[in-house]
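Step one of this worksheet: look at the structure below.
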There are 2 protein chains.
Amino acid sequence: MEAFASIATALRPGGYVWTDEVRARCQEYADRYVADRCAEHFGETEEALAATDFLTASVRGGKFLRSAFALTGWACGRELGPAAVRAAASLELLHCFALAQDDVMDGSAVRRGRPALHERWAQWHRDRELSGSAVRFGESAAVLMGDLYLVWAEQMFRESGLDAETLSRGWPHYDAMRTELAAGQLSDLVNDAQLEPRWEAVLDVARRKSGNYTVRRPLELGAALAGCPAPVSTSLGRYGLLVGEAFQLRDDVLGVFGHPARTGKPVGEDLRDHKATSITVLARDLATPAQLNELRALAKLGALDDTEIAAWQELIVATGALERIEEMILDRTTAAVDVAESAPVPGHARDSLVVLATECGRRDR
Amino acid sequence: MEAFASIATALRPGGYVWTDEVRARCQEYADRYVADRCAEHFGETEEALAATDFLTASVRGGKFLRSAFALTGWACGRELGPAAVRAAASLELLHCFALAQDDVMDGSAVRRGRPALHERWAQWHRDRELSGSAVRFGESAAVLMGDLYLVWAEQMFRESGLDAETLSRGWPHYDAMRTELAAGQLSDLVNDAQLEPRWEAVLDVARRKSGNYTVRRPLELGAALAGCPAPVSTSLGRYGLLVGEAFQLRDDVLGVFGHPARTGKPVGEDLRDHKATSITVLARDLATPAQLNELRALAKLGALDDTEIAAWQELIVATGALERIEEMILDRTTAAVDVAESAPVPGHARDSLVVLATECGRRDR
């Protein structure tokens, strides 16, 4: 048992659950778990050494939002301890799975300011002058890295140190979260393959895929593990739905307007990828006939240069879509804070809920 | 609790563990589990209906070898019952995961005599005249179907009805099997990307990826769940290594010479895909200089017609590689039967081991 006094002392009454120290501990646990699995299973072949390198590097630099929500859910019913922190940190590996495979499917080259996993593997293929397509090899290898993260996430959760009875309360939420994640990504692919997807469909995916998976499910998982009573779960469910939507709407704004130095992704990446997101679909719905023609012309272009990205950004602002999305984010954040403030939970958990809701709506990365 | 008398009565002393009836029950459990998860999680969107259709169809028609080995391992220590059969059947979902993603990576269009999952999704995209690449959409959707199978496999295993103590003996084997599977597939990709991979490297992947995953790990998993003592595990480990290799060598022979009506795959598929397998690599190593030139000329061709496939097949026979691989299969099967006959296990488990070893070496599908 490692010393954990630091986390206990960080949890002063009225303090926040999600301190920098708890976050650092989550990162440390996730790092160590991946490094240990690599050491256990990978030999000395060239590809094994590369896999170890890529898998351990890619687990770093995340926002750890899912861990934060899971631990906050837990804090609604029980004291923090190393097992709970480890269980929460395992969600970061689940997120690494989602990122590895989403980046392949979306063709996103950059993640957390570094080459995406499939780009790293493609480069590895090129450096060795192997036969066949380096791009295809990179994509296949990245999918396999995703599989390993998915397997290790569940294993880390199961081996967190939470006792069997505690875990058994969490499994239904854990399982639902994983299935929703894959099913949501499928709906996302389908929306991207529609020439002009409907606003309701895009909002539904935002809610089910990203919102639930980032906020609501981790919160509910933490609360269920801690054995929180039904009124707490009900409040957290309402809060989670609102904050999850705010999170995804902000994500969509950042996908168009985010700063590369903060997001770790190219400017206007969602426009470059022709992704159907809340803001791009709303811009189309709000556009005047003249603006709609301009939007459709941009949507038909293949590779976009920075001037075209800037023009597209201005056009979206001109339709009023940015302003409307910002209102929606603010509405949801405000409502979530109201729910948190009247939730029947301990003071430090309530404070965490308020802080996290605000962060999800305001964040720039 | 469903009636399970039929399985119990099928297990006469001296009878085989792996009867047609037990096999049918495994298929039924796997089918039902997938159908239940689809009903639980998927709504009425078009893609949800298609996912339900494709996921339930793809779970049918397998050989259920992994279930057979897991149940035989279990029978080395305990009586069969519905929970053990359900746990064993969950391995079929793990296999569906591997097939869905391997077929994408290998570009294999046909599986079990039907279009592979990525082909079905690509067709679904074409039928709806969606935008973007149908091939790419199909591949992404098939990877997601694989993810769902991977998640549901573990969930079905955990929910099999085996008690927590029994399960806890199985997890280390279960986890090792999943990680080995993904790591082995990575090595497989690397071998395929070598212009002329080494025989030892190909044999090593055959052992770790397919052999361990199909035979040894399921056997050890079953025996560990049943609480078998160390001498039993040692015997099963030796047996599993031999039968696993025989299985994979036979698989490689079928990949070149198998009959489409039996394998459910195109004739000479591994040649068409330029896959590096034991038989193709051995043929190169055994070839005369003239034969080597011919082999290299064929390896450089893009799409192969049936005449070229037939010429390649004849050339492989002429090098003596087929004969040598058949000897290797027979050696391993014979040695495995010897191990089984002296293994300290109940008679019906021993008989099953003998039958399954022979089947793995002789099978034509």
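Chain labels A, B, ... are given in the sequence in which chains occur in the structure tokens; within each chain residues are numbered consecutively from 1, and ligands are likewise numbered from 1 in the order shown.
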Once you count only C-alpha atoms, what closest atom pair and distance in Å to one decimal does each residue of chain B within 7 Å of chain A have, with rows by chain and rising residue number, as a tab-separated table?
residue	atom	partner	partner_atom	distance
B:Met105	CA	A:Ser140	CA	5.9
B:Leu130	CA	A:Ala193	CA	5.4
B:Ser131	CA	A:Ala193	CA	4.9
B:Gly132	CA	A:Ala193	CA	6.0
B:Ser140	CA	A:Met105	CA	5.9
B:Ala141	CA	A:Leu186	CA	6.2
B:Leu144	CA	A:Ala182	CA	5.9
B:Asp147	CA	A:Ala182	CA	6.9
B:Leu148	CA	A:Thr179	CA	6.4
B:Thr179	CA	A:Leu148	CA	6.4
B:Ala182	CA	A:Leu144	CA	5.9
B:Leu186	CA	A:Ala141	CA	6.3
B:Ala193	CA	A:Ser131	CA	4.9
B:Gln194	CA	A:Leu130	CA	5.7
B:Leu195	CA	A:Ser131	CA	5.9
| request: Name all residues at most 10 Å from Ile309 in chain B (count only C-alpha atoms; drop same-chain ones fewer than 6 positions away) and give them as number ranges by chain. | output: B: 256-257, 267-269, 271-272, 298, 315
| message | Can you tell me which residues surround Val110 in chain A at a distance of at most 8 Å, considering only C-alpha atoms, apart from same-chain residues fewer than 3 positions away, and format the answer as a list in words? | response |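 After dropping sequence-adjacent residues, the list is Gly113, Arg114, Pro115, Ala116, Gly264, Lys265 and Pro266 of chain A.
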| 10 Å contact set for Gly227 in chain B, only C-alpha atoms, chain neighbours under 4 positions out, as a list in words |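 Counting only the stated atoms, we get Trp74, Cys76, Gly77, Arg78, Thr166, Arg169, Gly170, Leu221, Gly222, Ala223, Val232 and Ser233 of chain B.
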Once you have the residues from the selection above, write them out as a PDB file, in the first residue's frame, restricted to all heavy atoms.
ATOM      1  N   TRP B  74     -11.878 -27.279 -18.614  1.00  0.00           N
ATOM      2  CA  TRP B  74     -12.767 -27.289 -17.445  1.00  0.00           C
ATOM      3  C   TRP B  74     -13.070 -28.724 -17.005  1.00  0.00           C
ATOM      4  O   TRP B  74     -13.049 -29.052 -15.811  1.00  0.00           O
ATOM      5  CB  TRP B  74     -14.051 -26.547 -17.790  1.00  0.00           C
ATOM      6  CG  TRP B  74     -15.128 -26.623 -16.753  1.00  0.00           C
ATOM      7  CD1 TRP B  74     -16.065 -27.610 -16.613  1.00  0.00           C
ATOM      8  CD2 TRP B  74     -15.375 -25.695 -15.690  1.00  0.00           C
ATOM      9  NE1 TRP B  74     -16.892 -27.347 -15.545  1.00  0.00           N
ATOM     10  CE2 TRP B  74     -16.486 -26.176 -14.957  1.00  0.00           C
ATOM     11  CE3 TRP B  74     -14.788 -24.490 -15.293  1.00  0.00           C
ATOM     12  CZ2 TRP B  74     -17.007 -25.498 -13.846  1.00  0.00           C
ATOM     13  CZ3 TRP B  74     -15.310 -23.820 -14.187  1.00  0.00           C
ATOM     14  CH2 TRP B  74     -16.395 -24.318 -13.474  1.00  0.00           C
ATOM     15  N   CYS B  76     -11.351 -31.230 -17.149  1.00  0.00           N
ATOM     16  CA  CYS B  76     -10.220 -31.877 -16.479  1.00  0.00           C
ATOM     17  C   CYS B  76     -10.332 -31.746 -14.962  1.00  0.00           C
ATOM     18  O   CYS B  76      -9.639 -32.453 -14.223  1.00  0.00           O
ATOM     19  CB  CYS B  76      -8.888 -31.274 -16.946  1.00  0.00           C
ATOM     20  SG  CYS B  76      -8.526 -31.675 -18.672  1.00  0.00           S
ATOM     21  N   GLY B  77     -11.182 -30.859 -14.492  1.00  0.00           N
ATOM     22  CA  GLY B  77     -11.275 -30.666 -13.044  1.00  0.00           C
ATOM     23  C   GLY B  77     -12.678 -30.663 -12.480  1.00  0.00           C
ATOM     24  O   GLY B  77     -12.882 -30.969 -11.308  1.00  0.00           O
ATOM     25  N   ARG B  78     -13.670 -30.301 -13.299  1.00  0.00           N
ATOM     26  CA  ARG B  78     -15.031 -30.201 -12.750  1.00  0.00           C
ATOM     27  C   ARG B  78     -16.084 -30.652 -13.751  1.00  0.00           C
ATOM     28  O   ARG B  78     -15.814 -30.794 -14.930  1.00  0.00           O
ATOM     29  CB  ARG B  78     -15.317 -28.744 -12.319  1.00  0.00           C
ATOM     30  CG  ARG B  78     -14.730 -28.470 -10.946  1.00  0.00           C
ATOM     31  CD  ARG B  78     -14.631 -27.002 -10.617  1.00  0.00           C
ATOM     32  NE  ARG B  78     -15.933 -26.378 -10.304  1.00  0.00           N
ATOM     33  CZ  ARG B  78     -16.044 -25.116  -9.870  1.00  0.00           C
ATOM     34  NH1 ARG B  78     -14.955 -24.376  -9.708  1.00  0.00           N
ATOM     35  NH2 ARG B  78     -17.225 -24.612  -9.618  1.00  0.00           N
ATOM     36  N   THR B 166     -14.242 -18.547  -8.606  1.00  0.00           N
ATOM     37  CA  THR B 166     -13.909 -19.297  -9.821  1.00  0.00           C
ATOM     38  C   THR B 166     -13.383 -18.349 -10.895  1.00  0.00           C
ATOM     39  O   THR B 166     -12.338 -18.595 -11.509  1.00  0.00           O
ATOM     40  CB  THR B 166     -15.166 -20.045 -10.339  1.00  0.00           C
ATOM     41  OG1 THR B 166     -15.629 -20.913  -9.307  1.00  0.00           O
ATOM     42  CG2 THR B 166     -14.866 -20.853 -11.586  1.00  0.00           C
ATOM     43  N   ARG B 169      -9.773 -17.050 -10.596  1.00  0.00           N
ATOM     44  CA  ARG B 169      -8.693 -17.935 -11.054  1.00  0.00           C
ATOM     45  C   ARG B 169      -8.480 -17.821 -12.561  1.00  0.00           C
ATOM     46  O   ARG B 169      -7.416 -18.137 -13.086  1.00  0.00           O
ATOM     47  CB  ARG B 169      -9.017 -19.398 -10.703  1.00  0.00           C
ATOM     48  CG  ARG B 169      -8.942 -19.719  -9.228  1.00  0.00           C
ATOM     49  CD  ARG B 169      -8.962 -21.228  -8.996  1.00  0.00           C
ATOM     50  NE  ARG B 169     -10.187 -21.847  -9.476  1.00  0.00           N
ATOM     51  CZ  ARG B 169     -11.222 -22.174  -8.703  1.00  0.00           C
ATOM     52  NH1 ARG B 169     -11.175 -21.969  -7.396  1.00  0.00           N
ATOM     53  NH2 ARG B 169     -12.298 -22.728  -9.215  1.00  0.00           N
ATOM     54  N   GLY B 170      -9.541 -17.385 -13.274  1.00  0.00           N
ATOM     55  CA  GLY B 170      -9.453 -17.328 -14.733  1.00  0.00           C
ATOM     56  C   GLY B 170      -8.905 -16.027 -15.301  1.00  0.00           C
ATOM     57  O   GLY B 170      -8.306 -16.019 -16.378  1.00  0.00           O
ATOM     58  N   LEU B 221      -7.251 -21.668 -19.562  1.00  0.00           N
ATOM     59  CA  LEU B 221      -8.318 -20.886 -18.925  1.00  0.00           C
ATOM     60  C   LEU B 221      -9.343 -21.820 -18.289  1.00  0.00           C
ATOM     61  O   LEU B 221      -9.704 -21.664 -17.110  1.00  0.00           O
ATOM     62  CB  LEU B 221      -8.987 -19.977 -19.962  1.00  0.00           C
ATOM     63  CG  LEU B 221     -10.226 -19.204 -19.511  1.00  0.00           C
ATOM     64  CD1 LEU B 221      -9.877 -18.192 -18.416  1.00  0.00           C
ATOM     65  CD2 LEU B 221     -10.874 -18.471 -20.691  1.00  0.00           C
ATOM     66  N   GLY B 222      -9.810 -22.796 -19.066  1.00  0.00           N
ATOM     67  CA  GLY B 222     -10.798 -23.745 -18.550  1.00  0.00           C
ATOM     68  C   GLY B 222     -10.276 -24.492 -17.343  1.00  0.00           C
ATOM     69  O   GLY B 222     -10.972 -24.636 -16.320  1.00  0.00           O
ATOM     70  N   ALA B 223      -9.020 -24.967 -17.428  1.00  0.00           N
ATOM     71  CA  ALA B 223      -8.434 -25.731 -16.324  1.00  0.00           C
ATOM     72  C   ALA B 223      -8.252 -24.859 -15.085  1.00  0.00           C
ATOM     73  O   ALA B 223      -8.489 -25.304 -13.953  1.00  0.00           O
ATOM     74  CB  ALA B 223      -7.098 -26.326 -16.756  1.00  0.00           C
ATOM     75  N   VAL B 232      -1.722 -31.099 -13.985  1.00  0.00           N
ATOM     76  CA  VAL B 232      -2.691 -31.056 -15.088  1.00  0.00           C
ATOM     77  C   VAL B 232      -2.365 -29.876 -16.002  1.00  0.00           C
ATOM     78  O   VAL B 232      -2.295 -30.019 -17.234  1.00  0.00           O
ATOM     79  CB  VAL B 232      -4.141 -30.950 -14.550  1.00  0.00           C
ATOM     80  CG1 VAL B 232      -5.128 -30.719 -15.687  1.00  0.00           C
ATOM     81  CG2 VAL B 232      -4.504 -32.198 -13.769  1.00  0.00           C
ATOM     82  N   SER B 233      -2.140 -28.703 -15.407  1.00  0.00           N
ATOM     83  CA  SER B 233      -1.833 -27.515 -16.211  1.00  0.00           C
ATOM     84  C   SER B 233      -0.583 -27.727 -17.046  1.00  0.00           C
ATOM     85  O   SER B 233      -0.507 -27.301 -18.198  1.00  0.00           O
ATOM     86  CB  SER B 233      -1.618 -26.296 -15.314  1.00  0.00           C
ATOM     87  OG  SER B 233      -2.725 -26.110 -14.490  1.00  0.00           O
TER      88      SER B 233
END
